[in-house]
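> This one is entry_1.cif, mmCIF, C-alpha atoms.
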data_entry
loop_
_atom_site.label_atom_id
_atom_site.label_comp_id
_atom_site.auth_asym_id
_atom_site.auth_seq_id
_atom_site.Cartn_x
_atom_site.Cartn_y
_atom_site.Cartn_z
CA MET X 1 -85.63 236.20 -73.95
CA LYS X 2 -86.78 234.36 -70.84
CA LYS X 3 -89.74 232.82 -72.69
CA PHE X 4 -87.45 231.76 -75.53
CA ILE X 5 -85.12 229.98 -73.09
CA GLU X 6 -88.15 228.28 -71.53
CA SER X 7 -89.28 227.13 -74.99
CA ILE X 8 -85.83 225.69 -75.68
CA SER X 9 -85.93 223.80 -72.37
CA ASN X 10 -89.40 222.49 -73.23
CA VAL X 11 -87.96 220.89 -76.37
CA TRP X 12 -86.04 218.41 -74.22
CA LYS X 13 -89.14 217.57 -72.18
CA ILE X 14 -90.80 215.99 -75.23
CA GLU X 15 -89.19 212.56 -75.62
CA GLU X 16 -90.08 212.06 -79.27
CA LEU X 17 -88.87 215.53 -80.29
CA LYS X 18 -85.64 215.11 -78.32
CA ASN X 19 -84.92 211.77 -80.01
CA ARG X 20 -85.62 213.22 -83.44
CA ILE X 21 -83.24 216.12 -82.84
CA LEU X 22 -80.49 213.79 -81.59
CA ILE X 23 -80.94 211.51 -84.62
CA THR X 24 -80.76 214.51 -86.93
CA LEU X 25 -77.58 215.81 -85.31
CA GLY X 26 -76.00 212.35 -85.40
CA LEU X 27 -76.70 211.81 -89.10
CA LEU X 28 -75.48 215.32 -89.96
CA LEU X 29 -72.27 214.56 -88.06
CA VAL X 30 -71.77 211.42 -90.17
CA TYR X 31 -72.21 213.48 -93.33
CA ARG X 32 -69.70 216.09 -92.19
CA PHE X 33 -67.21 213.36 -91.28
CA GLY X 34 -67.50 211.82 -94.75
CA ALA X 35 -66.81 215.21 -96.34
CA HIS X 36 -63.25 215.01 -94.97
CA VAL X 37 -62.49 211.46 -96.20
CA THR X 38 -60.31 211.71 -99.31
CA LEU X 39 -60.78 209.34 -102.24
CA PRO X 40 -58.49 206.30 -102.00
CA GLY X 41 -55.45 206.69 -104.24
CA ILE X 42 -55.06 210.46 -103.83
CA ASP X 43 -52.38 212.13 -101.72
CA ALA X 44 -54.37 214.47 -99.46
CA THR X 45 -51.32 216.71 -98.95
CA GLN X 46 -51.28 217.74 -102.62
CA LEU X 47 -54.78 219.17 -102.98
CA THR X 48 -53.70 222.82 -102.96
CA GLY X 49 -54.35 223.15 -106.69
CA LEU X 50 -57.90 221.90 -106.30
CA ALA X 51 -58.46 224.19 -103.32
CA GLY X 52 -57.21 227.14 -105.37
CA GLN X 53 -59.62 226.24 -108.19
CA THR X 54 -62.58 226.44 -105.80
CA LYS X 55 -61.45 229.52 -103.90
CA ASN X 56 -63.25 232.04 -106.10
CA GLY X 57 -65.74 232.11 -108.93
CA LEU X 58 -68.13 229.34 -109.92
CA GLY X 59 -65.94 226.69 -108.32
CA SER X 60 -66.61 228.22 -104.92
CA ILE X 61 -70.35 227.65 -105.43
CA LEU X 62 -69.81 223.94 -106.10
CA ASP X 63 -67.55 223.68 -103.07
CA MET X 64 -70.04 225.54 -100.88
CA PHE X 65 -72.94 223.20 -101.67
CA THR X 66 -70.79 220.17 -100.85
CA GLY X 67 -69.50 221.64 -97.61
CA GLY X 68 -65.90 221.74 -98.85
CA ALA X 69 -65.96 218.10 -100.02
CA PHE X 70 -65.42 219.16 -103.65
CA SER X 71 -62.07 220.84 -102.89
CA LYS X 72 -60.96 217.95 -100.65
CA ALA X 73 -61.52 215.27 -103.34
CA SER X 74 -63.78 213.60 -100.78
CA VAL X 75 -65.98 210.53 -101.14
CA PHE X 76 -68.83 213.06 -100.90
CA ALA X 77 -67.26 215.36 -103.53
CA LEU X 78 -70.46 215.40 -105.62
CA GLY X 79 -72.57 215.78 -102.50
CA ILE X 80 -76.32 215.71 -102.75
CA MET X 81 -76.45 217.90 -105.88
CA PRO X 82 -77.04 215.01 -108.34
CA TYR X 83 -80.17 214.16 -106.35
CA ILE X 84 -81.30 217.79 -106.51
CA SER X 85 -80.72 217.81 -110.27
CA ALA X 86 -82.68 214.57 -110.66
CA SER X 87 -85.56 215.95 -108.59
CA ILE X 88 -85.72 219.06 -110.77
CA VAL X 89 -85.68 216.99 -113.97
CA VAL X 90 -88.46 214.68 -112.72
CA GLN X 91 -90.52 217.65 -111.62
CA LEU X 92 -90.20 219.35 -115.00
CA MET X 93 -90.86 216.12 -116.87
CA GLY X 94 -94.06 215.77 -114.86
CA ILE X 95 -95.48 218.64 -116.89
CA ALA X 96 -95.08 216.90 -120.23
CA ILE X 97 -95.20 213.15 -119.50
CA PRO X 98 -98.71 211.80 -118.77
CA TYR X 99 -97.35 208.82 -116.79
CA LEU X 100 -95.63 211.11 -114.29
CA GLN X 101 -98.71 213.31 -114.12
CA LYS X 102 -100.74 210.23 -113.21
CA LEU X 103 -98.24 209.29 -110.50
CA GLN X 104 -98.45 212.79 -109.04
CA ASN X 105 -102.21 212.35 -108.65
CA ASP X 106 -102.01 208.82 -107.17
CA GLY X 107 -101.25 209.95 -103.63
CA GLU X 108 -98.76 208.06 -101.48
CA SER X 109 -98.24 205.16 -103.92
CA GLY X 110 -97.49 207.57 -106.75
CA ARG X 111 -95.10 209.55 -104.57
CA LYS X 112 -93.13 206.38 -103.78
CA LYS X 113 -92.81 205.53 -107.47
CA ILE X 114 -91.68 209.07 -108.28
CA ASN X 115 -89.08 208.84 -105.50
CA GLN X 116 -87.81 205.58 -106.97
CA ILE X 117 -87.53 207.14 -110.44
CA THR X 118 -85.65 210.07 -108.89
CA ARG X 119 -83.20 207.71 -107.19
CA TRP X 120 -82.39 205.85 -110.41
CA LEU X 121 -81.99 209.14 -112.27
CA THR X 122 -79.65 210.31 -109.49
CA ILE X 123 -77.41 207.30 -110.13
CA ALA X 124 -77.40 208.00 -113.87
CA ILE X 125 -76.46 211.66 -113.33
CA THR X 126 -73.71 210.69 -110.87
CA LEU X 127 -72.29 208.20 -113.38
CA VAL X 128 -71.88 211.13 -115.78
CA GLN X 129 -70.59 213.66 -113.25
CA GLY X 130 -68.19 211.18 -111.59
CA PRO X 131 -65.81 210.73 -114.57
CA THR X 132 -66.04 214.49 -115.22
CA TYR X 133 -64.88 215.17 -111.67
CA ILE X 134 -62.01 212.67 -112.01
CA TYR X 135 -60.97 214.30 -115.30
CA ASN X 136 -60.90 217.65 -113.48
CA LEU X 137 -58.58 216.07 -110.90
CA TYR X 138 -56.26 214.92 -113.69
CA ARG X 139 -56.11 218.49 -115.01
CA THR X 140 -55.69 220.17 -111.63
CA LEU X 141 -53.49 217.95 -109.46
CA PRO X 142 -49.85 217.03 -110.11
CA SER X 143 -49.20 213.52 -111.42
CA ASP X 144 -47.49 212.38 -108.21
CA ALA X 145 -50.71 213.11 -106.28
CA PHE X 146 -52.18 209.90 -107.73
CA LEU X 147 -50.79 207.04 -105.68
CA LEU X 148 -52.06 204.38 -108.10
CA GLY X 149 -50.50 206.12 -111.06
CA PHE X 150 -51.59 209.01 -113.30
CA ASN X 151 -54.55 208.07 -115.56
CA SER X 152 -54.75 204.66 -113.88
CA PRO X 153 -57.85 202.67 -115.01
CA GLU X 154 -58.08 201.13 -111.52
CA PHE X 155 -58.21 204.59 -109.93
CA LEU X 156 -60.81 205.86 -112.43
CA PHE X 157 -63.10 202.87 -111.99
CA SER X 158 -62.87 202.68 -108.19
CA SER X 159 -63.24 206.45 -107.76
CA VAL X 160 -66.37 206.65 -109.91
CA ILE X 161 -67.93 203.76 -107.95
CA ILE X 162 -67.04 205.50 -104.66
CA LEU X 163 -68.44 208.85 -105.83
CA VAL X 164 -71.70 207.19 -106.87
CA THR X 165 -71.86 205.33 -103.56
CA GLY X 166 -71.12 208.55 -101.67
CA THR X 167 -74.00 210.36 -103.37
CA ILE X 168 -76.38 207.44 -102.75
CA PHE X 169 -75.31 207.33 -99.08
CA ALA X 170 -75.83 211.09 -98.74
CA MET X 171 -79.27 210.69 -100.32
CA TRP X 172 -80.05 207.90 -97.84
CA LEU X 173 -78.93 210.10 -94.93
CA GLY X 174 -81.23 212.89 -96.12
CA GLU X 175 -84.22 210.56 -96.40
CA LYS X 176 -83.55 209.09 -92.95
CA ILE X 177 -83.39 212.57 -91.44
CA THR X 178 -86.75 213.38 -93.02
CA ASP X 179 -88.33 210.13 -91.75
CA LYS X 180 -86.70 209.75 -88.33
CA GLY X 181 -85.39 213.22 -87.57
CA ILE X 182 -86.63 216.78 -87.75
CA GLY X 183 -86.82 218.98 -90.85
CA ASN X 184 -86.22 218.19 -94.51
CA GLY X 185 -83.15 215.97 -94.61
CA ILE X 186 -81.87 216.88 -98.09
CA SER X 187 -82.19 220.59 -97.38
CA LEU X 188 -80.46 220.20 -94.01
CA LEU X 189 -77.49 218.46 -95.65
CA ILE X 190 -77.11 221.38 -98.04
CA MET X 191 -77.51 223.94 -95.27
CA VAL X 192 -74.92 222.24 -93.04
CA GLY X 193 -72.49 222.18 -95.97
CA ILE X 194 -73.00 225.91 -96.50
CA LEU X 195 -72.67 226.74 -92.81
CA ALA X 196 -69.43 224.75 -92.62
CA ARG X 197 -67.70 227.49 -94.62
CA LEU X 198 -69.15 230.40 -92.64
CA PRO X 199 -66.56 230.49 -89.78
CA GLN X 200 -63.60 230.39 -92.16
CA ALA X 201 -65.10 233.10 -94.38
CA PHE X 202 -65.74 235.37 -91.39
CA ILE X 203 -62.22 234.81 -89.99
CA GLN X 204 -60.73 235.78 -93.35
CA GLU X 205 -62.84 238.94 -93.45
CA PHE X 206 -61.95 239.75 -89.82
CA THR X 207 -58.26 239.31 -90.58
CA THR X 208 -58.49 241.56 -93.62
CA ARG X 209 -60.41 244.32 -91.87
CA VAL X 210 -58.87 244.33 -88.39
CA THR X 211 -55.50 242.60 -88.42
CA ASN X 212 -54.42 244.05 -91.78
CA ASN X 213 -56.13 247.37 -90.96
CA ASN X 214 -58.17 247.42 -94.18
CA GLY X 215 -61.14 249.46 -93.03
CA GLY X 216 -60.89 248.67 -89.34
CA PRO X 217 -63.40 247.16 -86.91
CA MET X 218 -66.05 249.82 -87.65
CA LEU X 219 -66.41 248.70 -91.27
CA LEU X 220 -66.63 245.08 -90.09
CA VAL X 221 -69.47 246.05 -87.74
CA ILE X 222 -71.25 247.79 -90.65
CA GLU X 223 -70.87 244.63 -92.74
CA ILE X 224 -72.42 242.52 -89.97
CA ILE X 225 -75.35 244.96 -89.67
CA VAL X 226 -75.92 244.83 -93.43
CA TRP X 227 -75.71 241.04 -93.32
CA LEU X 228 -78.34 240.86 -90.57
CA LEU X 229 -80.61 243.22 -92.52
CA VAL X 230 -80.30 241.00 -95.60
CA ILE X 231 -81.19 237.95 -93.48
CA ILE X 232 -84.28 239.77 -92.16
CA SER X 233 -85.22 240.64 -95.75
CA CYS X 234 -84.88 236.97 -96.76
CA VAL X 235 -87.11 235.95 -93.85
CA LEU X 236 -89.74 238.47 -94.93
CA LEU X 237 -89.50 237.26 -98.53
CA THR X 238 -89.91 233.65 -97.43
CA MET X 239 -92.78 234.26 -95.01
CA ALA X 240 -94.74 236.93 -96.93
CA VAL X 241 -98.16 235.80 -98.17
CA ARG X 242 -101.18 237.40 -99.76
CA ARG X 243 -104.27 236.05 -98.01
CA ILE X 244 -107.31 235.60 -100.27
CA PRO X 245 -110.52 235.40 -98.19
CA VAL X 246 -112.69 232.34 -98.79
CA GLN X 247 -116.25 231.89 -97.60
CA TYR X 248 -117.73 228.43 -96.95
CA ALA X 249 -121.53 228.26 -96.84
CA ARG X 250 -123.31 226.53 -93.97
CA ARG X 251 -125.46 223.76 -95.41
CA THR X 252 -127.00 222.22 -92.28
CA THR X 253 -130.81 222.18 -92.50
CA THR X 254 -131.73 219.80 -89.65
CA GLY X 255 -132.19 220.23 -85.93
CA ASP X 256 -132.16 223.71 -84.49
CA TYR X 257 -130.02 225.12 -87.32
CA GLU X 258 -131.19 226.88 -90.44
CA GLN X 259 -129.65 226.80 -93.89
CA ASP X 260 -127.44 229.85 -94.34
CA LEU X 261 -125.78 230.21 -97.73
CA ALA X 262 -124.57 233.73 -97.05
CA GLY X 263 -122.75 233.20 -93.77
CA GLY X 264 -120.22 230.50 -92.98
CA ASN X 265 -116.73 229.80 -91.82
CA ARG X 266 -114.28 232.30 -93.23
CA GLN X 267 -110.87 230.95 -94.19
CA TRP X 268 -107.96 232.06 -96.34
CA ILE X 269 -105.97 230.96 -99.35
CA PRO X 270 -102.34 231.94 -98.60
CA LEU X 271 -100.57 232.86 -101.83
CA LYS X 272 -96.84 233.21 -101.15
CA LEU X 273 -94.95 236.21 -102.44
CA ASN X 274 -92.12 233.86 -103.38
CA ALA X 275 -93.97 230.66 -104.22
CA SER X 276 -91.03 229.27 -106.21
CA GLY X 277 -88.57 229.42 -103.31
CA VAL X 278 -84.92 229.03 -104.30
CA MET X 279 -85.62 227.06 -107.50
CA PRO X 280 -85.35 230.05 -109.92
CA ILE X 281 -81.85 230.77 -108.59
CA ILE X 282 -80.85 227.11 -109.01
CA PHE X 283 -82.22 227.04 -112.57
CA ALA X 284 -80.50 230.31 -113.45
CA GLN X 285 -77.25 229.16 -111.85
CA ALA X 286 -77.28 226.01 -113.96
CA ILE X 287 -77.84 228.03 -117.15
CA MET X 288 -74.98 230.39 -116.26
CA PHE X 289 -72.48 227.55 -116.61
CA ILE X 290 -73.40 227.04 -120.28
CA PRO X 291 -72.08 230.23 -122.01
CA ALA X 292 -68.57 229.87 -120.58
CA ALA X 293 -68.50 226.13 -121.34
CA VAL X 294 -69.62 226.59 -124.96
CA ALA X 295 -67.39 229.62 -125.60
CA GLY X 296 -64.46 227.74 -124.10
CA LEU X 297 -64.53 225.33 -127.04
CA SER X 298 -63.29 228.13 -129.29
CA LYS X 299 -60.02 230.06 -129.04
CA SER X 300 -61.23 233.25 -130.73
CA ASP X 301 -60.98 236.61 -128.96
CA THR X 302 -64.76 236.94 -128.80
CA SER X 303 -65.11 233.50 -127.22
CA GLN X 304 -62.43 234.24 -124.66
CA SER X 305 -64.12 237.52 -123.71
CA ILE X 306 -67.38 235.61 -123.18
CA VAL X 307 -65.55 233.07 -121.04
CA GLY X 308 -64.06 235.89 -118.97
CA ALA X 309 -67.41 237.67 -118.54
CA PHE X 310 -69.36 234.57 -117.53
CA SER X 311 -66.63 233.11 -115.35
CA ASN X 312 -66.56 236.19 -113.12
CA MET X 313 -69.62 235.76 -110.91
CA PHE X 314 -69.03 239.21 -109.42
CA GLY X 315 -68.92 240.98 -112.80
CA PHE X 316 -71.65 243.20 -114.25
CA TRP X 317 -72.70 241.14 -117.27
CA TYR X 318 -72.77 237.89 -115.34
CA ASN X 319 -75.10 239.36 -112.70
CA PHE X 320 -77.24 241.23 -115.23
CA VAL X 321 -77.97 238.02 -117.14
CA PHE X 322 -78.27 236.10 -113.87
CA ALA X 323 -80.90 238.51 -112.47
CA THR X 324 -82.86 238.46 -115.76
CA LEU X 325 -82.96 234.65 -115.78
CA ILE X 326 -84.13 234.59 -112.16
CA ILE X 327 -87.07 236.87 -112.95
CA VAL X 328 -88.04 234.74 -115.97
CA PHE X 329 -87.69 231.44 -114.10
CA THR X 330 -89.66 232.79 -111.13
CA PHE X 331 -92.70 233.33 -113.35
CA PHE X 332 -92.13 229.99 -115.10
CA TYR X 333 -91.73 227.92 -111.95
CA THR X 334 -94.63 229.66 -110.17
CA ALA X 335 -96.87 228.92 -113.16
CA ILE X 336 -96.13 225.17 -113.02
CA THR X 337 -96.19 224.78 -109.23
CA VAL X 338 -99.23 226.91 -108.35
CA PRO X 339 -102.15 225.27 -110.21
CA THR X 340 -104.78 228.02 -110.04
CA ASN X 341 -107.22 225.93 -112.13
CA LYS X 342 -107.02 223.03 -109.69
CA MET X 343 -107.34 225.39 -106.73
CA ALA X 344 -110.50 226.89 -108.22
CA ASP X 345 -111.98 223.43 -108.94
CA ASP X 346 -111.21 222.16 -105.43
CA LEU X 347 -112.71 225.28 -103.94
CA LYS X 348 -115.89 224.85 -105.98
CA ARG X 349 -116.25 221.18 -105.06
CA SER X 350 -115.88 221.95 -101.35
CA GLY X 351 -118.58 224.60 -101.45
CA GLY X 352 -116.25 227.56 -101.02
CA PHE X 353 -116.08 230.82 -102.92
CA ILE X 354 -114.14 234.05 -102.93
CA PRO X 355 -116.47 236.93 -102.01
CA GLY X 356 -117.38 238.90 -105.12
CA VAL X 357 -115.94 236.31 -107.51
CA ARG X 358 -117.95 233.58 -109.23
CA PRO X 359 -116.82 229.98 -108.69
CA GLY X 360 -115.11 228.16 -111.54
CA ALA X 361 -113.28 229.88 -114.40
CA GLU X 362 -113.70 233.37 -112.93
CA THR X 363 -112.09 232.24 -109.66
CA SER X 364 -109.22 230.66 -111.57
CA ASP X 365 -108.63 233.88 -113.54
CA PHE X 366 -108.78 235.92 -110.34
CA LEU X 367 -106.21 233.71 -108.57
CA ASP X 368 -103.98 233.75 -111.64
CA LYS X 369 -104.13 237.56 -111.80
CA VAL X 370 -103.33 237.96 -108.10
CA MET X 371 -100.49 235.43 -108.41
CA SER X 372 -99.00 237.36 -111.32
CA LEU X 373 -99.24 240.68 -109.47
CA ILE X 374 -97.45 239.41 -106.36
CA THR X 375 -94.91 237.30 -108.30
CA PHE X 376 -93.47 240.34 -110.11
CA PRO X 377 -92.23 242.21 -107.01
CA GLY X 378 -91.27 238.86 -105.48
CA SER X 379 -89.11 238.02 -108.51
CA LEU X 380 -87.42 241.45 -108.42
CA PHE X 381 -86.68 241.04 -104.70
CA LEU X 382 -85.36 237.52 -105.26
CA ALA X 383 -83.12 238.71 -108.10
CA LEU X 384 -81.79 241.54 -105.93
CA ILE X 385 -80.88 239.14 -103.13
CA ALA X 386 -79.26 236.79 -105.66
CA VAL X 387 -76.91 239.47 -107.01
CA PHE X 388 -76.35 241.22 -103.67
CA PRO X 389 -72.98 239.45 -103.08
CA ALA X 390 -71.63 241.17 -106.19
CA ILE X 391 -72.99 244.50 -104.92
CA VAL X 392 -71.25 244.27 -101.54
CA VAL X 393 -67.99 243.20 -103.24
CA SER X 394 -68.17 246.22 -105.55
CA ILE X 395 -69.25 248.80 -102.96
CA MET X 396 -67.70 247.59 -99.69
CA ASP X 397 -64.74 245.57 -101.04
CA VAL X 398 -65.82 242.49 -99.07
CA GLN X 399 -63.88 239.25 -99.39
CA GLN X 400 -65.57 237.03 -101.98
CA SER X 401 -65.89 234.04 -99.63
CA TRP X 402 -67.64 236.24 -97.03
CA ALA X 403 -69.76 238.00 -99.67
CA MET X 404 -71.33 234.67 -100.66
CA PHE X 405 -73.30 234.78 -97.39
CA PHE X 406 -74.83 238.17 -98.21
CA GLY X 407 -77.33 236.66 -100.63
CA GLY X 408 -77.70 234.23 -103.47
CA THR X 409 -78.67 230.60 -103.22
CA SER X 410 -76.78 229.98 -99.99
CA LEU X 411 -78.62 232.57 -97.90
CA ILE X 412 -82.06 231.73 -99.31
CA ILE X 413 -81.48 228.04 -98.57
CA MET X 414 -80.27 228.69 -95.03
CA VAL X 415 -83.20 230.96 -94.20
CA GLY X 416 -85.79 228.66 -95.80
CA VAL X 417 -84.47 225.50 -94.12
CA ALA X 418 -84.15 227.23 -90.75
CA ILE X 419 -87.75 228.49 -90.91
CA ASP X 420 -89.08 225.07 -91.96
CA THR X 421 -87.20 223.28 -89.16
CA ILE X 422 -88.31 225.80 -86.53
CA GLN X 423 -91.93 225.46 -87.68
CA GLN X 424 -91.74 221.67 -87.27
CA ILE X 425 -90.30 222.02 -83.76
CA ASN X 426 -92.96 224.63 -83.05
CA SER X 427 -95.75 222.22 -84.03
CA TYR X 428 -94.43 219.60 -81.58
CA LEU X 429 -94.38 222.15 -78.77
CA LEU X 430 -97.90 223.37 -79.52
CA ASN X 431 -99.28 219.82 -79.70
CA LYS X 432 -97.93 219.22 -76.20
CA HIS X 433 -99.47 222.49 -74.99
CA TYR X 434 -96.18 224.33 -74.66
CA ASP X 435 -95.48 227.83 -75.94
CA GLY X 436 -93.87 227.61 -79.37
CA LEU X 437 -90.57 229.05 -80.56
CA MET X 438 -92.48 231.45 -82.81
CA LYS X 439 -94.88 234.16 -81.66
CA THR X 440 -97.56 232.99 -84.07
CA GLY X 441 -97.80 229.79 -82.07
CA LYS X 442 -99.77 231.55 -79.33
CA ASN X 443 -102.37 232.68 -81.84
CA ARG X 444 -103.24 229.20 -83.04
CA LYS X 445 -106.91 229.65 -81.98
CA ALA X 446 -107.29 233.11 -83.40
CA VAL X 447 -108.34 232.20 -86.93
CA ALA X 448 -110.52 229.23 -87.77
#
Re-express the file's structure as structure tokens.

Amino acid sequence: MKKFIESISNVWKIEELKNRILITLGLLLVYRFGAHVTLPGIDATQLTGLAGQTKNGLGSILDMFTGGAFSKASVFALGIMPYISASIVVQLMGIAIPYLQKLQNDGESGRKKINQITRWLTIAITLVQGPTYIYNLYRTLPSDAFLLGFNSPEFLFSSVIILVTGTIFAMWLGEKITDKGIGNGISLLIMVGILARLPQAFIQEFTTRVTNNNGGPMLLVIEIIVWLLVIISCVLLTMAVRRIPVQYARRTTTGDYEQDLAGGNRQWIPLKLNASGVMPIIFAQAIMFIPAAVAGLSKSDTSQSIVGAFSNMFGFWYNFVFATLIIVFTFFYTAITVPTNKMADDLKRSGGFIPGVRPGAETSDFLDKVMSLITFPGSLFLALIAVFPAIVVSIMDVQQSWAMFFGGTSLIIMVGVAIDTIQQINSYLLNKHYDGLMKTGKNRKAVA
């Protein structure tokens, strides 16, 4: 504990790191402030209907990712999610469109062009989602909540422009945090939005268990222990890697050295247990909106039963399909993001080889086989964490708002972003010859 406190104090001794942290906190504060600014023309005192819509079910997920801005009819009501959607679309299109594939291989210049395409696509997506959000307000709020008049063209036009501007501004904040601050800005905006709902969710659970005597303090303590164990499991899932040994031959033949093709510097190829991160959950979550939306177009009994099943995110069939999609998308996304053929070619060109495996096609097949073997348990673990909120609701009768922090997209994002940010801070400390925040920092000379 003492060494950890010393490491924290060392953070403020590094001027550049201190400035980056302060810039990050300042920009995050601006984002949180904007989440509480209601759209012009809406009576903020009459948003109870919208808040009730996002209290449970799929609406709570949308509200969580926007940090409560969705239920407040805020200028940031759409949050950063249109940018995330655009990024996913561009990434998937990069598989099939040669022009995007070329940009991905063009280094920094190609990355800038891809970012520009993503920004324009973000605006297009927001222009579609903006009117949809306003239409939802028309359906949810009473007519006297609209100060400019119900179904007013002026309100519709101005609100869509403001929502688009809000998303663009949030995107700009995220990029500035990445450039001038610490950590991945877009991910930090999402994480801060999720964390904003944590205190309220815990207070509700505390009130239910202790004040209302529904289980008592002991059950609340058990819930906290389970929650911490799930967080530890997420950390292990995020950090777990399979290290493939790689041998690089010594090729020096001049001076006092001799050519040695058998011995050389030993390094590793780290293959992550969960190489796809949170993306399979995001893909699956997006697909889960479709059945209820399509079935809702019909008024038949079968359609209504489908709507009921897929609108209850804590129900059996919803989570069964959800977990299945996560496993499928984990394999799919890992296959497109871990290019084993390219890894094998790069390894061959650099003079490296995996002991016992021939360079080239055999190395590619070996890496692909290992990746498939570790992806299967990783996908099962990821699916289990994704549906764990429904499990704790069913077994422990946890409040739904509090259960959302026991797994799913929110917990994976929080753990992943926290680890990434800590690693960046750790690298600054190690470069200035301080002990890092993580124990592995002291072993930086152990493996070449």
> If you measure from atom CA of X:Cys234 to atom CA of X:Asn274, what distance in Å do you get, rounded to one decimal?
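Those two atoms sit 10.3 Å apart.
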> Determine the residue membership of the PyMOL selection byres ((chain X and resi 373) around 12) for the file above and supply it as a PDB file with C-alpha atoms, in the coordinates of the input.

ATOM      1  CA  ARG X 242    -101.180 237.400 -99.760  1.00  0.00           C
ATOM      2  CA  LEU X 271    -100.570 232.860-101.830  1.00  0.00           C
ATOM      3  CA  LYS X 272     -96.840 233.210-101.150  1.00  0.00           C
ATOM      4  CA  LEU X 273     -94.950 236.210-102.440  1.00  0.00           C
ATOM      5  CA  ASN X 274     -92.120 233.860-103.380  1.00  0.00           C
ATOM      6  CA  PHE X 331     -92.700 233.330-113.350  1.00  0.00           C
ATOM      7  CA  THR X 334     -94.630 229.660-110.170  1.00  0.00           C
ATOM      8  CA  PHE X 366    -108.780 235.920-110.340  1.00  0.00           C
ATOM      9  CA  LEU X 367    -106.210 233.710-108.570  1.00  0.00           C
ATOM     10  CA  ASP X 368    -103.980 233.750-111.640  1.00  0.00           C
ATOM     11  CA  LYS X 369    -104.130 237.560-111.800  1.00  0.00           C
ATOM     12  CA  VAL X 370    -103.330 237.960-108.100  1.00  0.00           C
ATOM     13  CA  MET X 371    -100.490 235.430-108.410  1.00  0.00           C
ATOM     14  CA  SER X 372     -99.000 237.360-111.320  1.00  0.00           C
ATOM     15  CA  ILE X 374     -97.450 239.410-106.360  1.00  0.00           C
ATOM     16  CA  THR X 375     -94.910 237.300-108.300  1.00  0.00           C
ATOM     17  CA  PHE X 376     -93.470 240.340-110.110  1.00  0.00           C
ATOM     18  CA  PRO X 377     -92.230 242.210-107.010  1.00  0.00           C
ATOM     19  CA  GLY X 378     -91.270 238.860-105.480  1.00  0.00           C
ATOM     20  CA  SER X 379     -89.110 238.020-108.510  1.00  0.00           C
ATOM     21  CA  LEU X 380     -87.420 241.450-108.420  1.00  0.00           C
TER      22      LEU X 380
END
> Name the residues that the PyMOL selection byres ((chain X and resi 25) around 12) picks from the file above, as a tab-separated table (two decimals) with C-alpha atoms, in the frame of the given file, using the file's chain letters and numbers.

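So out-v2.tsv came out as:
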chain	number	residue	atom	x	y	z
X	18	LYS	CA	-85.64	215.11	-78.32
X	19	ASN	CA	-84.92	211.77	-80.01
X	20	ARG	CA	-85.62	213.22	-83.44
X	21	ILE	CA	-83.24	216.12	-82.84
X	22	LEU	CA	-80.49	213.79	-81.59
X	23	ILE	CA	-80.94	211.51	-84.62
X	24	THR	CA	-80.76	214.51	-86.93
X	26	GLY	CA	-76.00	212.35	-85.40
X	27	LEU	CA	-76.70	211.81	-89.10
X	28	LEU	CA	-75.48	215.32	-89.96
X	29	LEU	CA	-72.27	214.56	-88.06
X	30	VAL	CA	-71.77	211.42	-90.17
X	31	TYR	CA	-72.21	213.48	-93.33
X	32	ARG	CA	-69.70	216.09	-92.19
X	173	LEU	CA	-78.93	210.10	-94.93
X	174	GLY	CA	-81.23	212.89	-96.12
X	176	LYS	CA	-83.55	209.09	-92.95
X	177	ILE	CA	-83.39	212.57	-91.44
X	180	LYS	CA	-86.70	209.75	-88.33
X	181	GLY	CA	-85.39	213.22	-87.57
X	182	ILE	CA	-86.63	216.78	-87.75
X	183	GLY	CA	-86.82	218.98	-90.85
X	185	GLY	CA	-83.15	215.97	-94.61
X	188	LEU	CA	-80.46	220.20	-94.01
X	189	LEU	CA	-77.49	218.46	-95.65
X	192	VAL	CA	-74.92	222.24	-93.04
> Hey, which of X:Gly407, X:Gly351, X:Gly110, X:Pro359 ends up closest to X:Val230? Count only C-alpha atoms.
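Between X:Gly407, X:Gly351, X:Gly110, X:Pro359, the residue approaching X:Val230 most closely is X:Gly407.
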> Calculate how many Å separate atom CA of X:Arg139 from atom CA of X:Leu39, rounding to one decimal.
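For atom CA of X:Arg139 relative to atom CA of X:Leu39, the distance reads 16.4 Å.
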> Calculated over all atoms listed in the file, which of the candidates X:Phe329, X:Ser311, X:Ile269, X:Phe388 has the smallest distance to X:Ala344?
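Comparing X:Phe329, X:Ser311, X:Ile269, X:Phe388 against X:Ala344, the winner is X:Ile269.
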> Taking (-85.1, 216.2, -108.4) as a centre in this file's frame and 10 Å as the limit, can you find every polymer residue with an atom that close, using only C-alpha atoms, and give them as a ChimeraX atom specification?
/X:81-92,114-115,117-119,121-122
> At what distance in Å, to one decimal, does atom CA of X:Glu223 lie from atom CA of X:Gln285?
25.4 Å
> Run through the PyMOL selection byres ((chain X and resi 226) around 12) on the given coordinates and return the selected residues as number ranges by chain.
X: 219-225, 227-233, 388-389, 391-392, 396, 398, 403, 405-407
> Could you name the residues that touch X:Leu50 at 10 Å or less, counting only C-alpha atoms, but leaving out those on the same chain fewer than 4 positions away, as a compact mmCIF listing (two decimals) with C-alpha atoms, in the coordinates of the input?

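Output contents, as saved in result_27.txt:
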# COMPACT_ATOMS: atom_id res chain seq x y z
CA GLN X 46 -51.28 217.74 -102.62
CA THR X 54 -62.58 226.44 -105.80
CA LYS X 55 -61.45 229.52 -103.90
CA GLY X 59 -65.94 226.69 -108.32
CA PHE X 70 -65.42 219.16 -103.65
CA SER X 71 -62.07 220.84 -102.89
CA LYS X 72 -60.96 217.95 -100.65
CA ALA X 73 -61.52 215.27 -103.34
CA ASN X 136 -60.90 217.65 -113.48
CA LEU X 137 -58.58 216.07 -110.90
CA ARG X 139 -56.11 218.49 -115.01
CA THR X 140 -55.69 220.17 -111.63
CA LEU X 141 -53.49 217.95 -109.46
